[in-house]
file entry_31.txt (compact mmCIF, C-alpha atoms)
# COMPACT_ATOMS: atom_id res chain seq x y z
CA MET A 43 -0.32 -17.62 -2.04
CA PRO A 44 -1.34 -14.45 -0.16
CA ASP A 45 1.25 -12.26 1.51
CA SER A 46 -0.09 -12.98 4.99
CA GLN A 47 -2.31 -15.44 6.77
CA PRO A 48 -5.19 -14.31 9.03
CA GLN A 49 -4.05 -13.33 12.51
CA GLN A 50 -6.03 -12.59 15.64
CA PRO A 51 -5.81 -8.89 16.55
CA HIS A 52 -4.87 -7.62 19.98
CA SER A 53 -7.91 -6.33 21.83
CA SER A 54 -5.92 -3.36 23.09
CA GLY A 55 -5.09 -2.00 19.64
CA ALA A 56 -5.63 1.63 18.66
CA SER A 57 -9.05 2.83 17.68
CA GLY A 58 -10.46 6.10 16.43
CA PRO A 59 -12.27 8.45 18.78
CA SER A 60 -15.56 7.57 17.07
CA ASP A 61 -15.18 3.87 17.89
CA SER A 62 -16.98 3.35 21.16
CA GLY A 63 -17.52 -0.39 20.84
CA PRO A 64 -15.37 -3.45 21.46
CA ALA A 65 -11.88 -3.31 19.98
CA ASP A 66 -11.85 -6.77 18.43
CA ASP A 67 -12.97 -8.03 15.03
CA SER A 68 -15.79 -10.11 16.52
CA GLY A 69 -17.70 -6.98 17.67
CA ALA A 70 -20.26 -5.38 15.38
CA LEU A 71 -19.85 -1.86 14.04
CA LEU A 72 -22.28 0.30 12.07
CA LEU A 73 -20.94 2.90 9.65
CA CYS A 74 -23.73 5.45 9.22
CA GLY A 75 -24.47 7.80 6.36
CA ALA A 76 -21.46 7.00 4.17
CA ARG A 77 -21.45 8.04 0.53
CA LEU A 78 -20.39 5.48 -2.10
CA THR A 79 -18.71 6.22 -5.43
CA ASP A 80 -22.00 5.53 -7.24
CA GLY A 81 -23.62 8.40 -5.34
CA ARG A 82 -25.70 6.37 -2.87
CA THR A 83 -25.74 7.23 0.83
CA VAL A 84 -25.76 4.04 2.90
CA ASP A 85 -25.30 2.42 6.26
CA VAL A 86 -22.79 -0.43 6.42
CA ARG A 87 -22.85 -3.04 9.19
CA LEU A 88 -19.60 -4.87 9.98
CA GLY A 89 -19.09 -8.03 12.01
CA GLY A 90 -16.57 -10.83 12.26
CA GLY A 91 -14.11 -8.93 10.11
CA HIS A 92 -16.52 -8.78 7.15
CA ILE A 93 -19.25 -6.56 5.76
CA GLU A 94 -22.54 -8.03 6.98
CA ALA A 95 -24.99 -5.72 5.26
CA VAL A 96 -25.25 -2.55 3.19
CA GLY A 97 -28.55 -0.64 3.21
CA THR A 98 -30.01 2.78 2.62
CA ALA A 99 -29.22 5.31 5.33
CA GLY A 100 -31.22 4.58 8.48
CA SER A 101 -32.38 1.14 7.33
CA LEU A 102 -30.01 -1.04 9.38
CA SER A 103 -30.87 -1.52 13.03
CA THR A 104 -28.25 -2.86 15.39
CA HIS A 105 -27.01 -2.55 18.95
CA ALA A 106 -23.47 -2.18 17.63
CA ALA A 107 -21.21 0.81 18.08
CA ARG A 108 -21.84 3.51 15.50
CA VAL A 109 -19.51 5.69 13.47
CA ASP A 110 -21.07 8.70 11.75
CA LEU A 111 -19.61 8.96 8.25
CA SER A 112 -21.77 11.85 7.05
CA GLY A 113 -19.66 13.85 4.62
CA TYR A 114 -17.31 10.93 3.95
CA LEU A 115 -16.73 8.84 0.84
CA LEU A 116 -16.39 5.13 1.70
CA LEU A 117 -13.89 3.11 -0.35
CA PRO A 118 -12.17 -0.26 -0.26
CA ALA A 119 -9.00 0.25 1.75
CA ALA A 120 -5.72 0.82 -0.04
CA ALA A 121 -2.78 -1.59 0.11
CA GLU A 122 0.96 -0.96 -0.19
CA PRO A 123 2.62 -3.44 -2.59
CA HIS A 124 6.11 -1.91 -2.59
CA GLY A 125 7.53 -0.35 0.57
CA HIS A 126 10.95 -0.42 2.25
CA GLY A 127 10.40 -0.57 5.98
CA ASP A 128 14.04 -1.38 6.79
CA THR A 129 15.33 1.92 5.35
CA ALA A 130 12.26 4.10 5.92
CA LEU A 131 12.59 7.34 7.89
CA SER A 132 16.39 7.19 7.81
CA ALA A 133 17.16 10.21 5.60
CA ASP A 134 17.76 12.54 8.55
CA SER A 135 19.85 10.11 10.59
CA PRO A 136 23.08 11.74 11.78
CA GLY A 137 25.99 9.70 10.46
CA PRO A 138 25.64 6.21 9.00
CA VAL A 139 22.19 4.64 9.16
CA SER A 140 21.93 2.09 11.96
CA TYR A 141 20.85 -1.42 11.01
CA ASP A 142 20.76 -2.72 14.57
CA VAL A 143 17.63 -4.79 15.02
CA PRO A 144 15.91 -2.42 17.51
CA ASP A 145 16.51 0.60 15.25
CA VAL A 146 15.22 -1.11 12.12
CA GLN A 147 12.21 -2.44 14.03
CA ARG A 148 11.37 1.05 15.28
CA ARG A 149 11.63 2.57 11.78
CA ALA A 150 9.62 -0.23 10.17
CA THR A 151 6.90 0.05 12.83
CA GLU A 152 6.61 3.81 12.55
CA ALA A 153 6.54 3.67 8.76
CA ALA A 154 3.81 1.01 8.83
CA LEU A 155 1.67 3.11 11.18
CA LEU A 156 2.10 6.18 8.98
CA GLN A 157 0.97 4.22 5.95
CA LEU A 158 -1.92 2.75 7.91
CA GLY A 159 -3.03 6.27 8.79
CA HIS A 160 -2.99 7.08 5.08
CA GLY A 161 -5.35 4.17 4.45
CA ALA A 162 -3.22 1.12 3.60
CA THR A 163 -4.32 -1.86 5.72
CA ALA A 164 -1.90 -4.34 4.08
CA LEU A 165 1.78 -3.63 3.44
CA ARG A 166 4.52 -5.48 1.55
CA SER A 167 8.00 -4.44 2.67
CA HIS A 168 11.12 -5.25 0.66
CA VAL A 169 13.98 -6.04 3.06
CA ARG A 170 17.65 -6.24 2.12
CA ILE A 171 19.46 -9.28 3.47
CA GLY A 172 23.07 -10.46 3.34
CA ASP A 173 26.33 -8.52 3.29
CA VAL A 174 27.40 -7.24 6.71
CA HIS A 175 23.85 -7.02 8.06
CA GLY A 176 22.98 -10.67 7.44
CA LEU A 177 19.40 -11.46 8.48
CA GLY A 178 19.20 -8.68 11.09
CA PRO A 179 16.93 -6.38 9.03
CA MET A 180 14.62 -9.29 8.24
CA GLU A 181 14.41 -10.22 11.92
CA ALA A 182 13.55 -6.60 12.75
CA VAL A 183 10.77 -6.31 10.16
CA LEU A 184 9.28 -9.64 11.25
CA GLN A 185 9.27 -8.40 14.84
CA ALA A 186 7.50 -5.23 13.65
CA ARG A 187 4.95 -7.44 11.90
CA ARG A 188 4.19 -9.27 15.12
CA SER A 189 3.86 -6.04 17.12
CA LEU A 190 1.42 -4.60 14.56
CA ARG A 191 -0.86 -7.64 14.49
CA GLY A 192 -4.49 -6.56 14.42
CA LEU A 193 -3.68 -3.04 13.22
CA VAL A 194 -2.18 -3.69 9.80
CA ASP A 195 -1.01 -6.75 7.86
CA LEU A 196 2.73 -6.41 7.21
CA THR A 197 4.69 -8.96 5.17
CA ALA A 198 8.32 -9.11 4.15
CA VAL A 199 10.08 -9.69 0.83
CA ALA A 200 13.61 -11.11 1.10
CA VAL A 201 15.98 -9.10 -1.13
CA PRO A 202 19.50 -10.59 -1.45
CA ARG A 203 22.33 -8.72 -3.16
CA LEU A 204 23.95 -11.40 -5.39
CA LEU A 205 22.76 -14.88 -6.35
CA THR A 206 25.06 -16.01 -9.16
CA GLY A 207 28.69 -17.08 -9.41
CA VAL A 208 30.94 -17.78 -6.47
CA ALA A 209 29.81 -14.65 -4.64
CA GLY A 210 26.18 -15.68 -5.06
CA ALA A 211 26.47 -18.90 -3.05
CA ASP A 212 26.12 -17.02 0.24
CA GLY A 213 23.17 -15.09 -1.15
CA LEU A 214 21.36 -18.31 -2.08
CA ALA A 215 21.91 -19.72 1.40
CA ILE A 216 20.73 -16.60 3.21
CA LEU A 217 17.70 -16.30 0.92
CA ARG A 218 16.61 -19.81 1.89
CA ASP A 219 17.20 -18.96 5.55
CA ALA A 220 15.08 -15.81 5.23
CA VAL A 221 12.16 -17.80 3.85
CA LYS A 222 12.47 -20.32 6.69
CA MET A 223 12.41 -17.56 9.31
CA GLY A 224 9.23 -15.97 7.95
CA ALA A 225 9.78 -13.99 4.73
CA SER A 226 6.68 -14.83 2.70
CA VAL A 227 7.82 -13.38 -0.64
CA VAL A 228 11.09 -13.95 -2.55
CA GLY A 229 12.55 -10.95 -4.34
CA GLY A 230 15.71 -9.13 -5.27
CA CYS A 231 17.37 -6.88 -7.84
CA PRO A 232 18.45 -8.82 -10.95
CA ASP A 233 19.79 -5.63 -12.56
CA LEU A 234 22.54 -5.41 -9.92
CA ASP A 235 23.80 -8.97 -10.43
CA PRO A 236 26.48 -9.73 -13.06
CA ASP A 237 24.06 -12.32 -14.49
CA PRO A 238 20.55 -10.83 -14.27
CA THR A 239 18.88 -13.76 -16.01
CA GLY A 240 20.66 -16.24 -13.74
CA TYR A 241 19.57 -14.19 -10.74
CA ALA A 242 15.92 -14.29 -11.82
CA GLU A 243 16.16 -18.04 -12.45
CA ALA A 244 17.54 -18.58 -8.93
CA VAL A 245 14.75 -16.53 -7.35
CA LEU A 246 12.05 -18.36 -9.29
CA GLU A 247 13.56 -21.72 -8.37
CA ILE A 248 13.63 -20.95 -4.64
CA ALA A 249 10.12 -19.48 -4.79
CA ALA A 250 8.86 -22.64 -6.49
CA GLU A 251 10.50 -24.79 -3.80
CA HIS A 252 8.65 -22.96 -1.02
CA GLY A 253 5.44 -21.99 -2.86
CA CYS A 254 6.18 -18.29 -2.42
CA PRO A 255 5.26 -15.35 -4.67
CA VAL A 256 8.07 -13.50 -6.45
CA ASP A 257 8.59 -9.72 -6.41
CA LEU A 258 11.60 -8.38 -8.30
CA HIS A 259 13.06 -4.88 -8.62
CA THR A 260 13.96 -4.03 -12.20
CA ASP A 261 14.19 -0.88 -14.25
CA GLY A 262 12.78 -2.83 -17.19
CA ASP A 263 14.95 -1.16 -19.83
CA ASP A 264 16.09 -4.48 -21.41
CA PRO A 265 13.20 -5.98 -23.44
CA ALA A 266 15.04 -9.25 -24.12
CA ARG A 267 15.62 -9.77 -20.42
CA LEU A 268 11.99 -9.02 -19.60
CA GLY A 269 10.91 -11.43 -22.32
CA ARG A 270 13.02 -14.21 -20.78
CA LEU A 271 11.61 -13.40 -17.34
CA ALA A 272 8.07 -13.58 -18.71
CA ALA A 273 8.82 -16.97 -20.29
CA MET A 274 10.14 -18.29 -16.96
CA ALA A 275 7.34 -16.75 -14.91
CA GLY A 276 4.49 -18.25 -16.89
CA GLY A 277 4.31 -21.36 -14.72
CA MET A 278 4.53 -19.66 -11.32
CA ARG A 279 1.21 -20.33 -9.62
CA ALA A 280 1.98 -18.09 -6.63
CA GLY A 281 2.42 -15.04 -8.84
CA VAL A 282 5.24 -12.85 -10.15
CA THR A 283 5.45 -9.09 -9.67
CA ILE A 284 8.08 -6.71 -11.04
CA GLY A 285 8.68 -3.00 -10.64
CA PRO A 286 9.15 -0.11 -10.91
CA CYS A 287 9.86 -0.68 -14.65
CA ALA A 288 10.39 3.00 -15.45
CA GLY A 289 12.82 1.90 -18.18
CA LEU A 290 9.96 0.52 -20.22
CA GLY A 291 8.89 4.10 -20.82
CA ARG A 292 12.27 4.90 -22.39
CA LEU A 293 11.98 2.14 -24.99
CA PRO A 294 10.55 2.70 -28.48
CA SER A 295 6.78 2.42 -28.22
CA ASP A 296 6.53 -0.64 -30.46
CA VAL A 297 9.21 -2.48 -28.46
CA ALA A 298 7.57 -1.53 -25.17
CA ALA A 299 4.17 -2.69 -26.48
CA ARG A 300 5.52 -6.11 -27.51
CA THR A 301 7.21 -6.50 -24.13
CA ALA A 302 4.00 -5.53 -22.34
CA GLU A 303 2.12 -8.20 -24.29
CA GLN A 304 4.65 -10.80 -23.15
CA LEU A 305 4.22 -9.73 -19.53
CA ALA A 306 0.44 -9.86 -19.85
CA ALA A 307 0.54 -13.36 -21.37
CA ALA A 308 2.63 -14.56 -18.41
CA ALA A 309 0.29 -12.84 -15.89
CA VAL A 310 3.18 -10.76 -14.52
CA THR A 311 2.04 -7.77 -12.45
CA VAL A 312 3.87 -4.44 -12.71
CA VAL A 313 4.05 -2.17 -9.66
CA CYS A 314 4.88 1.40 -10.61
CA LEU A 315 6.15 4.05 -8.19
CA PRO A 316 4.66 7.43 -9.14
CA GLN A 317 5.86 9.09 -5.91
CA GLY A 318 9.52 8.36 -6.67
CA GLY A 319 11.97 5.49 -6.89
CA CYS A 320 13.69 3.37 -4.30
CA GLY A 321 17.11 1.99 -3.47
CA GLY A 322 16.54 -1.06 -5.66
CA ALA A 323 16.08 1.08 -8.78
CA GLU A 324 19.09 2.81 -10.28
CA ARG A 325 17.01 5.22 -12.35
CA HIS A 326 13.79 6.99 -11.48
CA GLY A 327 10.68 7.67 -13.51
CA VAL A 328 7.26 6.09 -13.94
CA ALA A 329 6.39 3.00 -15.93
CA PRO A 330 4.25 3.53 -19.07
CA VAL A 331 1.03 2.82 -17.20
CA ARG A 332 -1.42 3.36 -20.06
CA LEU A 333 0.60 1.21 -22.47
CA LEU A 334 0.82 -1.61 -19.94
CA ARG A 335 -2.89 -1.47 -19.14
CA ALA A 336 -3.76 -1.45 -22.84
CA ALA A 337 -1.76 -4.67 -23.26
CA GLY A 338 -3.67 -6.32 -20.43
CA VAL A 339 -0.99 -6.09 -17.75
CA ARG A 340 -2.24 -5.70 -14.18
CA VAL A 341 -0.71 -2.42 -12.98
CA ALA A 342 -0.58 -1.61 -9.28
CA ALA A 343 1.01 1.42 -7.65
CA GLY A 344 3.25 1.55 -4.60
CA SER A 345 5.12 4.16 -2.60
CA GLY A 346 8.74 3.06 -2.91
CA ALA A 347 11.15 4.89 -0.65
CA MET A 348 9.72 6.65 2.38
CA ARG A 349 12.04 9.40 3.60
CA ASP A 350 15.28 7.55 3.06
CA VAL A 351 18.25 8.60 0.91
CA SER A 352 16.46 7.48 -2.28
CA ASN A 353 13.54 9.84 -1.65
CA PRO A 354 13.98 12.08 1.42
CA VAL A 355 10.42 13.42 1.02
CA GLY A 356 8.64 10.13 0.29
CA ARG A 357 5.23 10.17 1.98
CA GLY A 358 4.10 6.58 1.62
CA ASP A 359 0.60 7.80 0.80
CA PRO A 360 -1.44 5.61 -1.57
CA LEU A 361 -3.88 8.44 -2.30
CA GLU A 362 -1.00 10.61 -3.44
CA ALA A 363 0.13 7.77 -5.71
CA ALA A 364 -3.39 7.60 -7.14
CA TYR A 365 -3.48 11.39 -7.54
CA LEU A 366 -0.22 11.28 -9.52
CA LEU A 367 -1.51 8.46 -11.74
CA ALA A 368 -4.56 10.58 -12.50
CA SER A 369 -2.73 13.87 -13.02
CA ARG A 370 0.48 12.67 -14.71
CA CYS A 371 -0.51 9.40 -16.36
CA ARG A 372 -4.04 10.54 -17.33
CA LEU A 373 -5.89 7.67 -15.69
CA ARG A 374 -9.49 8.20 -14.66
CA PRO A 375 -9.83 8.66 -10.87
CA GLU A 376 -11.47 5.23 -10.57
CA GLU A 377 -8.61 3.58 -12.47
CA ALA A 378 -6.02 5.47 -10.45
CA TYR A 379 -7.53 4.49 -7.11
CA GLY A 380 -7.94 0.92 -8.33
CA ALA A 381 -4.16 0.74 -8.81
CA VAL A 382 -3.56 1.36 -5.09
CA SER A 383 -6.50 -0.71 -3.85
CA GLY A 384 -7.92 -3.57 -5.93
CA ALA A 385 -4.86 -4.10 -8.15
CA ALA A 386 -2.47 -3.73 -5.22
CA ARG A 387 -4.40 -6.28 -3.17
CA ALA A 388 -4.52 -8.69 -6.13
CA ALA A 389 -0.76 -8.33 -6.62
CA MET A 390 -0.33 -9.31 -2.96
CA GLY A 391 -2.66 -12.31 -3.28
CA LEU A 392 -5.26 -10.77 -0.96
CA PRO A 393 -9.03 -11.11 -1.27
CA GLU A 394 -10.98 -8.57 -3.28
CA VAL A 395 -12.74 -5.85 -1.31
CA ARG A 396 -16.01 -4.21 -2.32
CA VAL A 397 -18.47 -2.24 -0.23
CA GLU A 398 -20.91 -5.11 -0.44
CA ALA A 399 -22.13 -7.79 1.96
CA GLY A 400 -19.75 -10.72 2.35
CA PHE A 401 -16.54 -8.88 1.49
CA PRO A 402 -13.68 -8.23 3.96
CA ALA A 403 -14.18 -5.16 6.15
CA GLU A 404 -11.04 -3.40 4.86
CA LEU A 405 -12.30 0.13 4.28
CA LEU A 406 -11.18 3.73 3.98
CA ALA A 407 -13.47 6.69 4.57
CA VAL A 408 -12.22 9.96 3.08
CA ARG A 409 -13.75 13.39 3.62
CA GLY A 410 -15.56 14.30 0.39
CA ASP A 411 -18.36 13.19 -1.88
CA ARG A 412 -16.56 12.36 -5.15
CA LEU A 413 -13.47 10.28 -5.81
CA ALA A 414 -11.75 13.00 -7.84
CA GLY A 415 -12.17 15.45 -4.97
CA ALA A 416 -10.97 12.87 -2.45
CA LEU A 417 -7.76 12.31 -4.45
CA SER A 418 -7.26 16.07 -4.62
CA LEU A 419 -8.00 16.98 -0.99
CA ALA A 420 -7.76 13.76 1.03
CA TYR A 421 -6.99 15.36 4.37
CA SER A 422 -9.37 13.59 6.77
CA ARG A 423 -9.46 9.79 6.79
CA ILE A 424 -10.90 6.95 8.86
CA VAL A 425 -9.37 3.50 8.37
CA VAL A 426 -11.13 0.20 9.08
CA HIS A 427 -9.16 -3.05 9.32
CA ARG A 428 -10.85 -6.37 10.03
CA GLY A 429 -14.06 -4.65 10.96
CA ARG A 430 -12.85 -2.03 13.43
CA VAL A 431 -11.57 1.51 13.26
CA VAL A 432 -7.78 1.37 13.60
CA ALA A 433 -6.67 4.85 12.51
CA ARG A 434 -8.16 8.30 12.16
CA THR A 435 -6.78 11.55 10.77
CA SER A 436 -8.81 14.74 11.18
CA ALA A 437 -8.07 18.05 9.51
CA VAL A 438 -9.82 21.34 10.25
CA ARG A 439 -9.30 24.31 7.95
CA GLU A 440 -10.22 27.79 9.16
CA TYR A 441 -10.18 31.18 7.48
CA CYS A 442 -10.42 34.61 9.00
CA ASP A 443 -13.72 36.45 8.53
CA SER A 444 -14.22 37.48 4.93
CA ALA A 445 -17.03 39.58 3.52
CA ALA A 446 -16.50 37.96 0.12
CA ALA A 447 -16.84 34.46 1.55
CA VAL A 448 -20.03 35.42 3.37
CA ALA A 449 -21.51 37.07 0.30
CA LEU A 450 -20.80 34.04 -1.89
CA ASP A 451 -21.85 31.59 0.84
CA LEU A 452 -18.60 29.67 0.35
CA PRO A 453 -18.06 26.58 2.50
CA ARG A 454 -15.52 27.06 5.24
CA GLN A 455 -14.54 25.57 8.55
CA GLY A 456 -14.82 28.58 10.79
CA ARG A 457 -15.54 28.50 14.49
CA SER A 458 -19.17 28.38 15.50
CA ALA A 459 -20.41 30.52 18.36
CA GLY A 460 -19.09 29.26 21.64
CA ALA A 461 -16.79 26.68 20.07
CA PRO A 462 -13.31 26.39 21.57
CA PRO A 463 -10.29 27.32 19.45
CA GLY A 464 -9.62 24.83 16.70
CA ARG A 465 -13.19 23.42 16.74
CA GLY A 466 -15.87 24.91 14.59
CA LYS A 467 -18.38 24.71 11.84
CA GLY A 468 -17.59 22.00 9.33
CA GLU A 469 -15.68 19.99 11.93
CA GLU A 470 -15.25 16.24 11.66
CA PRO A 471 -18.29 14.30 12.89
CA SER A 472 -18.24 12.21 16.01
CA ALA A 473 -20.01 8.97 16.69

call {"tool": "encode", "arguments": {"input": "entry_31.txt", "output": "C-alpha cells"}}
result
Amino acid sequence: MPDSQPQQPHSSGASGPSDSGPADDSGALLLCGARLTDGRTVDVRLGGGHIEAVGTAGSLSTHAARVDLSGYLLLPAAAEPHGHGDTALSADSPGPVSYDVPDVQRRATEAALLQLGHGATALRSHVRIGDVHGLGPMEAVLQARRSLRGLVDLTAVAVPRLLTGVAGADGLAILRDAVKMGASVVGGCPDLDPDPTGYAEAVLEIAAEHGCPVDLHTDGDDPARLGRLAAMAGGMRAGVTIGPCAGLGRLPSDVAARTAEQLAAAAVTVVCLPQGGCGGAERHGVAPVRLLRAAGVRVAAGSGAMRDVSNPVGRGDPLEAAYLLASRCRLRPEEAYGAVSGAARAAMGLPEVRVEAGFPAELLAVRGDRLAGALSLAYSRIVVHRGRVVARTSAVREYCDSAAAVALDLPRQGRSAGAPPGRGKGEEPSA
C-alpha cells in the first residue's frame, strides 16, 4: 500500500520563475538541454503528471512551456522516508515546545517546504500520539498535508508511546483512532516499551487489520529481537520498514550479518539516518549500510530530526544524506543517491521513477554535469512534482578579480559587463 493516494493539485501552487506555463499537472512542459547521468544531453517532455518523451536536445517540438536546463543534471526526485514534522524547527523555541495544533501545523508545513526545496517530492512524517497531546499533533500534520496538496505528497506515521500491559490499552485505542482519522502508516518505538516484542506484535496486528504499512523506530542492537520481528514481518504484504538501526553496527560482524540475512529474507527495509538521529532513537550512529546491502536488504536513507532537540542543526536534505553515504559509508555516488530516491520511494510504496517515457514526472535538476559533483556542490536545484516546477533554489557565487583566475581560465560566476549586482556570468538560466 503506498503512503499516499493521488491528489489533484491546486492550480495556484508555487512555481519556479522559469515555469511560464499552466500551473496544473495537465499542462505540458518541456525540459530543454538537461544532462543525464549516462552523459546524454536530452529534452524531456512532461504531460499529465508523467514523462511523455525523452529525445536528443532539440528533437522534441511542442507548444508547451519550456524550462532551460542547460548546465543541470536531471535525476529522479528524492523522497524522505523518515522525517518528524511535528517536532521540526522547534530547537530554538523559547520555553517548552508548543504542541497546539496551529503551531505544529505551521512547523510541519515549513519543514515540508524546506525538504521540497531540497528535492524531496514525497515525505513520510513520524508523528507522536497519546500522552497529554492526544491526537492533536496528528490532526496538525494531516492539516499540513491537505494544505500542501499539489506541491508535495506528505503522509503521516502514527507513533504511540506504549502498547503493552495496562498502560498500553490507551495506546492501542489511540493508535486505531489515528489510523481512522488519516494516518496511513502504523509505527512506534518498541525499544521504549517494557515489552518490545509485544509492542511490535501489536503494531503488526493493527497494521494487518487496516492494510497499512509498518514503520518502526529501533536501534537494532538486539539481534534476537530483530530476528523475531523479521519472523513476524514475513507475511506483511503492505511492507515493514525499520530504522535507524545504528545498533546493528555495534554488534559483532558475524552476528550482524546473520541478522541482516533474516531481515532480507523477510523483505524488511532499513532506513538509516546519516545526518543524525531522532527522538525515537536513544543512541545515534549510522547503520552498517554496506553489510546490509551485501545481505540483500533494501537500504534507504532519511533525514531524521530537523532542527529539533535531537539534532538542532538537522537540514532535512536528501542530497546531504547521499553525500554522507558516499563519503562515510563508501557507497558509489549512484548507490548513495539511490538510497534517497529509488530505495526511499520503494520503502514508501511509491512508483519507480526513471527519466524515461511513461514514468512519473517526479524529477530533480541539480546544477552540475556528474552525480559525484552534484552531491558535493548541490547548491542550485529545480524540483518537478507531478509534471510542473514546484520549487527552485538558485545560488550565485562571485569572486573578486584575480589575475591567477584569469590566467588559468578558471570558471567563476563574476558579473558580466552591465549586469546588475548579484547577477553575472555563470548565472542560472532562465526559460

call {"tool": "atom_distance", "arguments": {"input": "entry_31.txt", "atom1": "atom CA of A:Leu196", "atom2": "atom CA of A:Ser167"}}
result
7.2 Å

call {"tool": "closest_residue", "arguments": {"input": "entry_31.txt", "among": "A:Gly69, A:Pro286, A:Gly358, A:Gly172", "to": "A:Ala342", "atoms": "only C-alpha atoms"}}
result
A:Pro286

call {"tool": "closest_residue", "arguments": {"input": "entry_31.txt", "among": "A:Arg387, A:Arg292, A:His105, A:Arg396", "to": "A:Arg340", "atoms": "all atoms listed in the file"}}
result
A:Arg387

call {"tool": "atom_distance", "arguments": {"input": "entry_31.txt", "atom1": "atom CA of A:Pro393", "atom2": "atom CA of A:Leu73"}}
result
21.4 Å

call {"tool": "closest_atom_pairs", "arguments": {"input": "entry_31.txt", "of": "stretch 317-432 of chain A", "to": "stretch 127-135 of chain A", "cutoff": "10 Å", "atoms": "only C-alpha atoms", "output": "JSON lines"}}
result
{"residue": "A:Cys320", "atom": "CA", "partner": "A:Thr129", "partner_atom": "CA", "distance": 9.9}
{"residue": "A:Gly321", "atom": "CA", "partner": "A:Thr129", "partner_atom": "CA", "distance": 9.0}
{"residue": "A:Gly346", "atom": "CA", "partner": "A:Ala130", "partner_atom": "CA", "distance": 9.6}
{"residue": "A:Ala347", "atom": "CA", "partner": "A:Ala130", "partner_atom": "CA", "distance": 6.7}
{"residue": "A:Met348", "atom": "CA", "partner": "A:Ala130", "partner_atom": "CA", "distance": 5.0}
{"residue": "A:Arg349", "atom": "CA", "partner": "A:Leu131", "partner_atom": "CA", "distance": 4.8}
{"residue": "A:Asp350", "atom": "CA", "partner": "A:Ala133", "partner_atom": "CA", "distance": 4.1}
{"residue": "A:Val351", "atom": "CA", "partner": "A:Ala133", "partner_atom": "CA", "distance": 5.1}
{"residue": "A:Ser352", "atom": "CA", "partner": "A:Ala133", "partner_atom": "CA", "distance": 8.4}
{"residue": "A:Asn353", "atom": "CA", "partner": "A:Ala133", "partner_atom": "CA", "distance": 8.1}
{"residue": "A:Pro354", "atom": "CA", "partner": "A:Ala133", "partner_atom": "CA", "distance": 5.6}
{"residue": "A:Val355", "atom": "CA", "partner": "A:Ala133", "partner_atom": "CA", "distance": 8.8}
{"residue": "A:Gly356", "atom": "CA", "partner": "A:Leu131", "partner_atom": "CA", "distance": 9.0}
{"residue": "A:Arg357", "atom": "CA", "partner": "A:Leu131", "partner_atom": "CA", "distance": 9.9}
{"residue": "A:Gly358", "atom": "CA", "partner": "A:Ala130", "partner_atom": "CA", "distance": 9.6}

call {"tool": "residues_around", "arguments": {"input": "entry_31.txt", "residues": "A:Thr206", "least_positions_apart": "5", "cutoff": "10 Å", "atoms": "only C-alpha atoms", "output": "list in words"}}
result
Ala211, Asp212, Gly213, Leu214, Pro232, Asp235, Pro236, Asp237, Pro238, Thr239, Gly240, Tyr241, Ala242, Glu243 and Ala244 of chain A

call {"tool": "write_last_selection", "arguments": {"input": "entry_31.txt", "atoms": "C-alpha atoms", "output": "PDB file, keeping the file's coordinate frame"}}
result
ATOM      1  CA  ALA A 211      26.470 -18.900  -3.050  1.00  0.00           C
ATOM      2  CA  ASP A 212      26.120 -17.020   0.240  1.00  0.00           C
ATOM      3  CA  GLY A 213      23.170 -15.090  -1.150  1.00  0.00           C
ATOM      4  CA  LEU A 214      21.360 -18.310  -2.080  1.00  0.00           C
ATOM      5  CA  PRO A 232      18.450  -8.820 -10.950  1.00  0.00           C
ATOM      6  CA  ASP A 235      23.800  -8.970 -10.430  1.00  0.00           C
ATOM      7  CA  PRO A 236      26.480  -9.730 -13.060  1.00  0.00           C
ATOM      8  CA  ASP A 237      24.060 -12.320 -14.490  1.00  0.00           C
ATOM      9  CA  PRO A 238      20.550 -10.830 -14.270  1.00  0.00           C
ATOM     10  CA  THR A 239      18.880 -13.760 -16.010  1.00  0.00           C
ATOM     11  CA  GLY A 240      20.660 -16.240 -13.740  1.00  0.00           C
ATOM     12  CA  TYR A 241      19.570 -14.190 -10.740  1.00  0.00           C
ATOM     13  CA  ALA A 242      15.920 -14.290 -11.820  1.00  0.00           C
ATOM     14  CA  GLU A 243      16.160 -18.040 -12.450  1.00  0.00           C
ATOM     15  CA  ALA A 244      17.540 -18.580  -8.930  1.00  0.00           C
TER      16      ALA A 244
END

call {"tool": "residues_around", "arguments": {"input": "entry_31.txt", "residues": "A:Ala95", "least_positions_apart": "6", "cutoff": "6 Å", "atoms": "only C-alpha atoms", "output": "list in words"}}
result
Val86, Arg87 and Ala399 of chain A

call {"tool": "closest_residue", "arguments": {"input": "entry_31.txt", "among": "A:Asp359, A:Glu303, A:Asp257, A:Asp195", "to": "A:Val339", "atoms": "only C-alpha atoms"}}
result
A:Glu303

call {"tool": "axis_aligned_box", "arguments": {"input": "entry_31.txt", "around": "stretch 408-416 of chain A", "padding_each_side": "6 Å", "output": "JSON"}}
result
{"center_x": -14.7, "center_y": 12.7, "center_z": -2.1, "size_x": 19.4, "size_y": 17.5, "size_z": 23.5}

call {"tool": "atom_distance", "arguments": {"input": "entry_31.txt", "atom1": "atom CA of A:Gly384", "atom2": "atom CA of A:Asp85"}}
result
22.1 Å

call {"tool": "residues_around", "arguments": {"input": "entry_31.txt", "residues": "stretch 365-379 of chain A", "least_positions_apart": "4", "cutoff": "12 Å", "atoms": "only C-alpha atoms", "output": "ChimeraX atom specification"}}
result
/A:79-80,117-121,161,291,314-318,327-336,340-345,359-361,383-387,406,412-420

call {"tool": "residues_around", "arguments": {"input": "entry_31.txt", "residues": "A:Val146", "least_positions_apart": "2", "cutoff": "10 Å", "atoms": "all atoms listed in the file", "output": "list in words"}}
result
Gly127, Asp128, Thr129, Ala130, Leu131, Ser132, Val139, Ser140, Tyr141, Asp142, Val143, Pro144, Arg148, Arg149, Ala150, Thr151, Glu152, Gly178, Pro179, Met180, Glu181, Ala182, Val183, Gln185 and Ala186 of chain A
